[in-house]
$ cat structure26.cif   # mmCIF, C-alpha atoms and all ligand atoms
data_my_file
loop_
_atom_site.label_atom_id
_atom_site.label_comp_id
_atom_site.auth_asym_id
_atom_site.auth_seq_id
_atom_site.Cartn_x
_atom_site.Cartn_y
_atom_site.Cartn_z
CA MET A 1416 -12.54 34.95 -35.59
CA SER A 1417 -14.15 32.95 -32.83
CA ALA A 1418 -13.95 34.03 -29.21
CA ALA A 1419 -11.43 32.31 -26.96
CA PRO A 1420 -13.01 29.40 -25.08
CA ASP A 1421 -14.09 30.17 -21.53
CA ARG A 1422 -11.72 28.33 -19.21
CA THR A 1423 -13.62 29.03 -16.01
CA GLY A 1424 -12.53 26.40 -13.51
CA ARG A 1425 -13.86 25.00 -10.27
CA PHE A 1426 -13.16 22.91 -7.22
CA ALA A 1427 -16.03 20.96 -5.70
CA PRO A 1428 -15.28 19.35 -2.34
CA SER A 1429 -17.73 17.19 -0.36
CA PRO A 1430 -17.90 18.21 3.31
CA THR A 1431 -17.75 14.60 4.45
CA GLY A 1432 -14.12 14.59 5.63
CA THR A 1433 -11.11 16.85 6.07
CA LEU A 1434 -9.31 17.67 2.81
CA HIS A 1435 -6.09 15.71 2.56
CA LEU A 1436 -2.95 16.67 0.66
CA GLY A 1437 -4.21 14.93 -2.47
CA ASN A 1438 -7.43 16.97 -2.43
CA LEU A 1439 -5.43 20.13 -1.83
CA ARG A 1440 -3.09 19.38 -4.73
CA THR A 1441 -6.03 18.79 -7.06
CA ALA A 1442 -7.56 22.09 -5.90
CA LEU A 1443 -4.26 23.92 -6.42
CA LEU A 1444 -3.91 22.50 -9.94
CA ALA A 1445 -7.51 23.31 -10.87
CA TRP A 1446 -6.92 26.85 -9.61
CA LEU A 1447 -3.64 27.13 -11.55
CA TYR A 1448 -5.24 26.00 -14.82
CA ALA A 1449 -7.90 28.70 -14.44
CA ARG A 1450 -5.71 31.54 -13.19
CA ALA A 1451 -2.87 30.90 -15.65
CA GLN A 1452 -5.45 31.31 -18.44
CA GLY A 1453 -6.86 34.47 -16.88
CA ALA A 1454 -10.11 32.65 -16.12
CA ALA A 1455 -12.54 32.72 -13.21
CA PHE A 1456 -12.49 30.05 -10.54
CA ARG A 1457 -15.62 28.77 -8.75
CA LEU A 1458 -16.12 26.91 -5.54
CA ARG A 1459 -18.97 24.45 -5.09
CA VAL A 1460 -19.81 22.41 -2.02
CA GLU A 1461 -21.16 18.98 -2.95
CA ASP A 1462 -23.31 18.36 0.10
CA LEU A 1463 -26.17 16.31 -1.36
CA ASP A 1464 -25.34 13.22 0.68
CA ALA A 1465 -26.98 14.54 3.84
CA GLY A 1466 -26.21 11.38 5.79
CA ARG A 1467 -22.45 11.83 5.35
CA VAL A 1468 -22.11 15.63 5.58
CA ARG A 1469 -20.59 16.69 8.89
CA PRO A 1470 -21.18 20.12 10.41
CA GLY A 1471 -18.17 22.41 10.47
CA LEU A 1472 -16.27 20.59 7.74
CA GLU A 1473 -17.25 22.99 4.98
CA ALA A 1474 -15.79 25.95 6.87
CA ALA A 1475 -12.62 23.99 7.63
CA GLN A 1476 -12.23 22.99 3.98
CA LEU A 1477 -12.65 26.56 2.75
CA ALA A 1478 -10.12 27.75 5.34
CA ASP A 1479 -7.57 25.13 4.22
CA LEU A 1480 -7.99 26.15 0.58
CA ALA A 1481 -7.54 29.83 1.43
CA ALA A 1482 -4.47 29.02 3.56
CA ILE A 1483 -2.62 27.44 0.62
CA GLY A 1484 -3.53 30.35 -1.66
CA VAL A 1485 -6.57 29.06 -3.55
CA ASP A 1486 -9.12 31.86 -3.93
CA TRP A 1487 -12.39 31.88 -5.82
CA ASP A 1488 -14.81 34.22 -7.55
CA GLY A 1489 -18.42 34.77 -6.57
CA PRO A 1490 -20.35 33.08 -3.80
CA VAL A 1491 -19.76 29.51 -2.68
CA VAL A 1492 -22.47 27.38 -4.27
CA ARG A 1493 -24.05 24.60 -2.21
CA GLN A 1494 -25.77 21.72 -3.94
CA SER A 1495 -28.25 21.31 -1.08
CA GLU A 1496 -29.63 24.75 -2.04
CA ARG A 1497 -30.13 23.83 -5.69
CA LEU A 1498 -32.59 20.94 -5.58
CA GLU A 1499 -35.11 22.85 -7.68
CA ARG A 1500 -32.59 23.17 -10.52
CA TYR A 1501 -31.92 19.43 -10.50
CA GLY A 1502 -35.67 18.83 -10.60
CA ASP A 1503 -35.94 21.18 -13.58
CA ALA A 1504 -33.23 19.22 -15.40
CA LEU A 1505 -35.09 15.97 -14.75
CA GLY A 1506 -38.15 17.65 -16.24
CA VAL A 1507 -36.21 18.48 -19.40
CA LEU A 1508 -34.97 14.91 -19.72
CA ASP A 1509 -38.42 13.49 -19.05
CA ALA A 1510 -40.07 15.74 -21.64
CA ASP A 1511 -37.41 14.49 -24.05
CA GLY A 1512 -38.31 10.84 -23.39
CA ALA A 1513 -34.85 10.24 -21.96
CA LEU A 1514 -35.89 8.86 -18.54
CA TYR A 1515 -37.38 5.62 -17.30
CA PRO A 1516 -38.14 4.24 -13.84
CA CYS A 1517 -36.06 1.37 -12.50
CA TRP A 1518 -37.26 -0.91 -9.70
CA CYS A 1519 -34.20 -3.17 -9.65
CA THR A 1520 -32.62 -3.98 -6.32
CA ARG A 1521 -28.86 -3.86 -5.89
CA ALA A 1522 -28.71 -7.65 -6.00
CA GLU A 1523 -30.72 -7.78 -9.24
CA ILE A 1524 -28.44 -5.20 -10.85
CA ARG A 1525 -25.33 -7.10 -9.76
CA GLU A 1526 -26.67 -10.29 -11.23
CA ALA A 1527 -27.80 -8.74 -14.51
CA ALA A 1528 -24.64 -6.68 -14.93
CA SER A 1529 -22.35 -9.68 -14.58
CA ALA A 1530 -23.65 -11.11 -17.88
CA PRO A 1531 -22.15 -9.68 -21.08
CA HIS A 1532 -24.32 -7.08 -22.87
CA GLY A 1533 -22.86 -6.08 -26.20
CA ASP A 1534 -20.74 -2.95 -25.90
CA LEU A 1535 -21.46 -2.21 -22.25
CA PRO A 1536 -18.54 -2.62 -19.88
CA GLU A 1537 -18.96 -5.19 -17.13
CA GLY A 1538 -20.80 -3.84 -14.12
CA HIS A 1539 -22.91 -1.42 -16.15
CA TYR A 1540 -26.67 -1.52 -15.85
CA PRO A 1541 -27.99 -3.61 -18.76
CA GLY A 1542 -31.30 -1.78 -19.16
CA THR A 1543 -33.59 -4.38 -17.58
CA CYS A 1544 -36.38 -1.95 -16.69
CA ARG A 1545 -36.25 -0.21 -20.08
CA ARG A 1546 -37.53 -3.44 -21.63
CA LEU A 1547 -40.41 -4.20 -19.26
CA THR A 1548 -43.74 -5.11 -20.81
CA ALA A 1549 -46.75 -3.02 -19.80
CA ALA A 1550 -47.88 -5.81 -17.51
CA GLN A 1551 -44.48 -6.15 -15.81
CA ARG A 1552 -44.34 -2.43 -15.32
CA ALA A 1553 -47.81 -2.31 -13.79
CA GLU A 1554 -46.84 -5.10 -11.43
CA ARG A 1555 -43.79 -3.19 -10.22
CA GLU A 1556 -45.81 -0.01 -9.82
CA ARG A 1557 -48.26 -1.91 -7.64
CA SER A 1558 -45.40 -3.15 -5.43
CA GLY A 1559 -45.22 0.29 -3.82
CA ARG A 1560 -41.42 0.21 -3.98
CA PRO A 1561 -40.34 3.65 -5.22
CA PRO A 1562 -38.33 3.50 -8.47
CA ALA A 1563 -35.02 5.18 -9.23
CA LEU A 1564 -34.88 7.20 -12.46
CA ARG A 1565 -32.40 6.22 -15.15
CA VAL A 1566 -31.51 7.82 -18.45
CA ASP A 1567 -32.04 5.94 -21.68
CA ALA A 1568 -28.58 6.51 -23.15
CA GLY A 1569 -28.90 3.99 -25.96
CA ALA A 1570 -25.32 2.77 -25.26
CA ALA A 1571 -24.02 5.97 -26.87
CA ARG A 1572 -20.26 6.07 -27.36
CA ILE A 1573 -18.79 9.41 -26.31
CA ALA A 1574 -15.29 10.50 -27.33
CA PHE A 1575 -13.34 13.38 -25.84
CA THR A 1576 -9.76 14.52 -25.53
CA ASP A 1577 -8.42 14.92 -22.02
CA ARG A 1578 -5.66 17.51 -21.73
CA LEU A 1579 -3.45 15.12 -19.79
CA ARG A 1580 -4.74 11.68 -20.76
CA GLY A 1581 -5.23 12.26 -24.49
CA PRO A 1582 -8.07 10.87 -26.62
CA ARG A 1583 -10.55 8.78 -24.66
CA SER A 1584 -13.91 7.25 -25.35
CA GLY A 1585 -16.49 5.34 -23.39
CA VAL A 1586 -19.93 3.81 -23.71
CA VAL A 1587 -22.64 5.46 -21.64
CA ASP A 1588 -24.89 3.08 -19.75
CA ASP A 1589 -28.36 3.85 -18.43
CA PHE A 1590 -27.07 5.49 -15.25
CA VAL A 1591 -29.20 6.71 -12.34
CA VAL A 1592 -30.08 10.42 -12.17
CA ARG A 1593 -32.44 10.18 -9.20
CA ARG A 1594 -32.11 7.51 -6.57
CA ASN A 1595 -35.13 5.63 -5.30
CA ASP A 1596 -34.96 7.60 -2.03
CA GLY A 1597 -35.56 10.74 -4.11
CA ALA A 1598 -31.98 12.08 -3.87
CA HIS A 1599 -30.50 13.53 -7.04
CA ALA A 1600 -27.51 11.58 -8.28
CA TYR A 1601 -23.97 12.90 -8.38
CA ASN A 1602 -23.73 12.85 -12.19
CA LEU A 1603 -26.89 14.94 -12.58
CA ALA A 1604 -25.91 17.56 -10.01
CA VAL A 1605 -22.38 17.95 -11.33
CA VAL A 1606 -23.52 18.49 -14.90
CA VAL A 1607 -26.29 20.93 -13.99
CA ASP A 1608 -23.95 22.91 -11.71
CA ASP A 1609 -21.00 23.03 -14.07
CA GLY A 1610 -23.41 24.37 -16.68
CA ALA A 1611 -24.93 26.95 -14.32
CA GLN A 1612 -21.52 28.07 -13.04
CA GLY A 1613 -20.18 28.46 -16.58
CA VAL A 1614 -17.37 25.97 -16.00
CA GLY A 1615 -15.41 25.56 -19.24
CA GLU A 1616 -12.55 23.41 -18.03
CA VAL A 1617 -13.02 20.67 -15.47
CA VAL A 1618 -9.81 19.82 -13.63
CA ARG A 1619 -10.21 16.96 -11.16
CA GLY A 1620 -8.70 13.70 -9.95
CA GLU A 1621 -8.19 10.92 -12.45
CA ASP A 1622 -10.48 8.66 -10.40
CA LEU A 1623 -13.32 10.55 -12.11
CA LEU A 1624 -12.03 9.99 -15.65
CA ASP A 1625 -14.51 7.18 -16.30
CA SER A 1626 -17.52 9.30 -15.36
CA THR A 1627 -16.71 11.84 -18.08
CA PRO A 1628 -18.56 10.15 -20.98
CA ARG A 1629 -21.74 10.01 -18.87
CA GLN A 1630 -21.43 13.66 -17.93
CA LEU A 1631 -20.71 14.79 -21.48
CA TRP A 1632 -23.68 12.81 -22.74
CA LEU A 1633 -25.95 14.29 -20.09
CA GLY A 1634 -24.74 17.83 -20.72
CA GLY A 1635 -25.52 17.34 -24.40
CA ARG A 1636 -29.06 16.18 -23.62
CA LEU A 1637 -29.55 19.24 -21.40
CA GLY A 1638 -28.31 21.54 -24.16
CA LEU A 1639 -25.23 22.61 -22.20
CA PRO A 1640 -21.93 23.47 -23.90
CA ALA A 1641 -19.30 20.72 -23.52
CA ALA A 1642 -16.52 21.52 -21.07
CA SER A 1643 -12.96 20.40 -21.66
CA TYR A 1644 -11.28 18.12 -19.14
CA ALA A 1645 -7.95 17.59 -17.44
CA HIS A 1646 -7.76 14.63 -15.08
CA VAL A 1647 -4.82 15.03 -12.75
CA PRO A 1648 -2.92 12.25 -10.96
CA LEU A 1649 -3.86 11.27 -7.41
CA VAL A 1650 -1.65 11.39 -4.36
CA LEU A 1651 -1.18 7.85 -3.07
CA GLY A 1652 0.00 6.52 0.26
CA GLY A 1653 3.31 4.69 0.54
CA ASP A 1654 1.41 1.42 0.07
CA GLY A 1655 0.05 2.50 -3.31
CA ALA A 1656 -3.51 2.96 -2.04
CA ARG A 1657 -5.36 6.24 -2.35
CA LEU A 1658 -4.26 8.70 0.35
CA ALA A 1659 -6.21 8.37 3.63
CA LYS A 1660 -5.97 9.23 7.29
CA ARG A 1661 -4.21 5.97 8.12
CA HIS A 1662 -1.22 7.13 6.04
CA GLY A 1663 -0.21 9.56 8.77
CA ALA A 1664 0.09 13.36 8.67
CA VAL A 1665 -1.97 13.92 5.51
CA THR A 1666 -3.98 17.06 6.23
CA LEU A 1667 -2.90 20.69 6.40
CA ALA A 1668 -3.58 20.71 10.15
CA ASP A 1669 -1.41 17.60 10.54
CA ARG A 1670 1.46 19.26 8.68
CA ILE A 1671 1.13 22.47 10.69
CA GLU A 1672 1.34 20.39 13.85
CA LEU A 1673 4.64 19.03 12.53
CA GLY A 1674 5.92 22.60 12.21
CA GLU A 1675 5.28 23.19 8.49
CA THR A 1676 3.69 26.43 7.29
CA PRO A 1677 0.90 26.53 4.70
CA ALA A 1678 3.45 28.05 2.29
CA ALA A 1679 5.73 25.07 2.84
CA VAL A 1680 2.83 22.70 2.18
CA ARG A 1681 1.99 24.60 -1.01
CA GLY A 1682 5.65 24.31 -2.04
CA ARG A 1683 5.59 20.58 -1.32
CA LEU A 1684 2.48 20.09 -3.44
CA ALA A 1685 3.96 22.14 -6.27
CA ALA A 1686 7.29 20.29 -6.12
CA SER A 1687 5.53 16.93 -6.40
CA VAL A 1688 4.30 17.85 -9.88
CA GLY A 1689 7.44 19.59 -11.08
CA LEU A 1690 6.29 23.16 -10.43
CA ALA A 1691 8.86 23.92 -7.71
CA ALA A 1692 12.26 22.75 -6.58
CA PRO A 1693 12.29 20.56 -3.45
CA GLY A 1694 12.12 22.85 -0.41
CA GLU A 1695 11.20 25.91 -2.47
CA GLN A 1696 8.18 27.94 -1.35
CA PRO A 1697 6.81 29.80 -4.37
CA SER A 1698 3.94 32.25 -3.80
CA PRO A 1699 0.59 31.60 -5.49
CA ALA A 1700 1.38 34.42 -7.96
CA GLN A 1701 4.76 32.85 -8.79
CA LEU A 1702 3.08 29.53 -9.45
CA VAL A 1703 0.55 31.17 -11.77
CA GLU A 1704 3.44 32.83 -13.56
CA ARG A 1705 5.30 29.57 -14.17
CA PHE A 1706 2.29 27.32 -14.87
CA ASP A 1707 1.85 26.57 -18.57
CA PRO A 1708 -1.41 24.65 -19.19
CA ALA A 1709 -0.24 23.57 -22.64
CA ARG A 1710 2.99 22.00 -21.37
CA PHE A 1711 2.17 20.86 -17.86
CA GLU A 1712 3.03 17.18 -17.33
CA PRO A 1713 2.39 16.12 -13.75
CA GLY A 1714 3.55 12.51 -14.09
CA PRO A 1715 1.65 9.49 -12.74
CA SER A 1716 -0.24 9.08 -9.48
CA GLY A 1717 2.10 8.34 -6.59
CA PRO A 1718 3.18 9.19 -3.06
CA LEU A 1719 4.09 12.71 -2.05
CA PRO A 1720 7.83 12.88 -1.41
CA GLY A 1721 8.67 13.34 2.25
CA VAL A 1722 5.16 12.68 3.58
ZN ZN B 1801 -34.20 -1.77 -13.27
#
$ encode --input "structure26.cif" --output "structure tokens" --more "lines below"
Ligand SMILES: [Zn+2]
Amino acid sequence: MSAAPDRTGRFAPSPTGTLHLGNLRTALLAWLYARAQGAAFRLRVEDLDAGRVRPGLEAAQLADLAAIGVDWDGPVVRQSERLERYGDALGVLDADGALYPCWCTRAEIREAASAPHGDLPEGHYPGTCRRLTAAQRAERERSGRPPALRVDAGAARIAFTDRLRGPRSGVVDDFVVRRNDGAHAYNLAVVVDDGAQGVGEVVRGEDLLDSTPRQLWLGGRLGLPAASYAHVPLVLGGDGARLAKRHGAVTLADRIELGETPAAVRGRLAASVGLAAPGEQPSPAQLVERFDPARFEPGPSGPLPGV
């Protein structure tokens, strides 16, 4: 008999803005998937984009999560403290012959990516710098312009089954793992961290569905076990666009100012995905009790009723 899969979950906010109700609902669902399966839940702060991180936001985000009943196990992990691990992972890929330098400018990539390239979806990097001759490469090295690092993914097709979205597959392009300013790319950090934090089930917004084949491919090249995925619907504004400040009272603080309690906000989030009756205020423990990962059907992305 094989052991039950580890369903350790996580939420990974970026401290670049206040969490809105859509972020909080995704966090609540990720937490419910983990807790309803008796699994651990991790918190990771994705603060690699130093130019956009704002002081004080991390503390506010953690406080908002705690206020709606999301708790986590172990210390909060910060990506800015893990640069050495990302460098190690690049070393593994490099030793494996899976990296190459790319000197392309944004404009060059846009131009090249607009032409069709076999299986690759439009907009994907077509591998220009993978095919440079030795002379072309030497010329670019002499330019002094620092290169980004890309993986050589060989247009691999990766298939997976999303809990909520069913069977999916996608072609992996030669995506960037280190930018030309030296910063580690999102896809690299996420994969390394999910591996290090033992995350077995990734629950996140469906806007990240298309990055899953890249991350599965990368995890495989780094020898990490493949996580399973559940991409949950997004909360939209009344105009159908992704929820944002301009849509009104969209943060926990905004709702509290309107006289709602955190428990009422939790109830509102739960009701919007069929886990509570309108106006009901179930406790976190009650939600865990009634959440069935195998049967949960949150419906499509859409506005939050009453917001
Ligand atoms: Zn290039």
$ residues_near_ligand --input "structure26.cif" --ligand "ligand ZN 1801 (chain B)" --cutoff "8 Å" --atoms "all atoms listed in the file" --output "PyMOL selection string"
chain A and resi 1516-1520+1524+1540+1542-1545
$ closest_residue --input "structure26.cif" --among "A:Arg1670, A:Ser1495, A:Asn1602, A:Leu1447" --to "Phe1706 (chain A)" --atoms "all atoms listed in the file"
A:Leu1447
$ atom_distance --input "structure26.cif" --atom1 "CA of Ala1563 (chain A)" --atom2 "CA of His1599 (chain A)"
9.7 Å
$ atom_distance --input "structure26.cif" --atom1 "CA of Arg1525 (chain A)" --atom2 "CA of Tyr1601 (chain A)"
20.1 Å
$ atom_distance --input "structure26.cif" --atom1 "CA of Gly1635 (chain A)" --atom2 "CA of Val1614 (chain A)"
14.5 Å
$ build_atoms --input "structure26.cif" --residues "region 1565-1582 of chain A" --atoms "N, CA and C atoms" --output "PDB file, in the frame of the given file"
ATOM      1  N   ARG A1565     -33.601   6.389 -14.326  1.00  0.00           N
ATOM      2  CA  ARG A1565     -32.400   6.220 -15.150  1.00  0.00           C
ATOM      3  C   ARG A1565     -32.574   6.934 -16.478  1.00  0.00           C
ATOM      4  N   VAL A1566     -31.452   7.283 -17.094  1.00  0.00           N
ATOM      5  CA  VAL A1566     -31.510   7.820 -18.450  1.00  0.00           C
ATOM      6  C   VAL A1566     -31.501   6.678 -19.439  1.00  0.00           C
ATOM      7  N   ASP A1567     -32.126   6.886 -20.564  1.00  0.00           N
ATOM      8  CA  ASP A1567     -32.040   5.940 -21.680  1.00  0.00           C
ATOM      9  C   ASP A1567     -30.947   6.471 -22.601  1.00  0.00           C
ATOM     10  N   ALA A1568     -29.735   5.963 -22.417  1.00  0.00           N
ATOM     11  CA  ALA A1568     -28.580   6.510 -23.150  1.00  0.00           C
ATOM     12  C   ALA A1568     -28.320   5.776 -24.455  1.00  0.00           C
ATOM     13  N   GLY A1569     -29.057   4.688 -24.683  1.00  0.00           N
ATOM     14  CA  GLY A1569     -28.900   3.990 -25.960  1.00  0.00           C
ATOM     15  C   GLY A1569     -27.476   3.506 -26.205  1.00  0.00           C
ATOM     16  N   ALA A1570     -26.716   3.228 -25.140  1.00  0.00           N
ATOM     17  CA  ALA A1570     -25.320   2.770 -25.260  1.00  0.00           C
ATOM     18  C   ALA A1570     -24.507   3.701 -26.169  1.00  0.00           C
ATOM     19  N   ALA A1571     -24.751   4.993 -26.050  1.00  0.00           N
ATOM     20  CA  ALA A1571     -24.020   5.970 -26.870  1.00  0.00           C
ATOM     21  C   ALA A1571     -22.521   5.894 -26.564  1.00  0.00           C
ATOM     22  N   ARG A1572     -21.703   5.992 -27.587  1.00  0.00           N
ATOM     23  CA  ARG A1572     -20.260   6.070 -27.360  1.00  0.00           C
ATOM     24  C   ARG A1572     -19.841   7.541 -27.438  1.00  0.00           C
ATOM     25  N   ILE A1573     -19.187   8.009 -26.395  1.00  0.00           N
ATOM     26  CA  ILE A1573     -18.790   9.410 -26.310  1.00  0.00           C
ATOM     27  C   ILE A1573     -17.264   9.501 -26.327  1.00  0.00           C
ATOM     28  N   ALA A1574     -16.738  10.294 -27.242  1.00  0.00           N
ATOM     29  CA  ALA A1574     -15.290  10.500 -27.330  1.00  0.00           C
ATOM     30  C   ALA A1574     -14.941  11.906 -26.880  1.00  0.00           C
ATOM     31  N   PHE A1575     -13.818  12.048 -26.235  1.00  0.00           N
ATOM     32  CA  PHE A1575     -13.340  13.380 -25.840  1.00  0.00           C
ATOM     33  C   PHE A1575     -11.822  13.312 -25.732  1.00  0.00           C
ATOM     34  N   THR A1576     -11.209  14.479 -25.689  1.00  0.00           N
ATOM     35  CA  THR A1576      -9.760  14.520 -25.530  1.00  0.00           C
ATOM     36  C   THR A1576      -9.439  15.165 -24.201  1.00  0.00           C
ATOM     37  N   ASP A1577      -8.843  14.398 -23.319  1.00  0.00           N
ATOM     38  CA  ASP A1577      -8.420  14.920 -22.020  1.00  0.00           C
ATOM     39  C   ASP A1577      -7.062  15.593 -22.204  1.00  0.00           C
ATOM     40  N   ARG A1578      -6.918  16.768 -21.615  1.00  0.00           N
ATOM     41  CA  ARG A1578      -5.660  17.510 -21.730  1.00  0.00           C
ATOM     42  C   ARG A1578      -4.446  16.671 -21.350  1.00  0.00           C
ATOM     43  N   LEU A1579      -4.588  15.871 -20.308  1.00  0.00           N
ATOM     44  CA  LEU A1579      -3.450  15.120 -19.790  1.00  0.00           C
ATOM     45  C   LEU A1579      -3.458  13.660 -20.217  1.00  0.00           C
ATOM     46  N   ARG A1580      -4.644  13.110 -20.458  1.00  0.00           N
ATOM     47  CA  ARG A1580      -4.740  11.680 -20.760  1.00  0.00           C
ATOM     48  C   ARG A1580      -4.976  11.387 -22.228  1.00  0.00           C
ATOM     49  N   GLY A1581      -5.087  12.465 -23.052  1.00  0.00           N
ATOM     50  CA  GLY A1581      -5.230  12.260 -24.490  1.00  0.00           C
ATOM     51  C   GLY A1581      -6.618  11.813 -24.896  1.00  0.00           C
ATOM     52  N   PRO A1582      -6.749  11.263 -26.131  1.00  0.00           N
ATOM     53  CA  PRO A1582      -8.070  10.870 -26.620  1.00  0.00           C
ATOM     54  C   PRO A1582      -8.631   9.700 -25.810  1.00  0.00           C
TER      55      PRO A1582
END
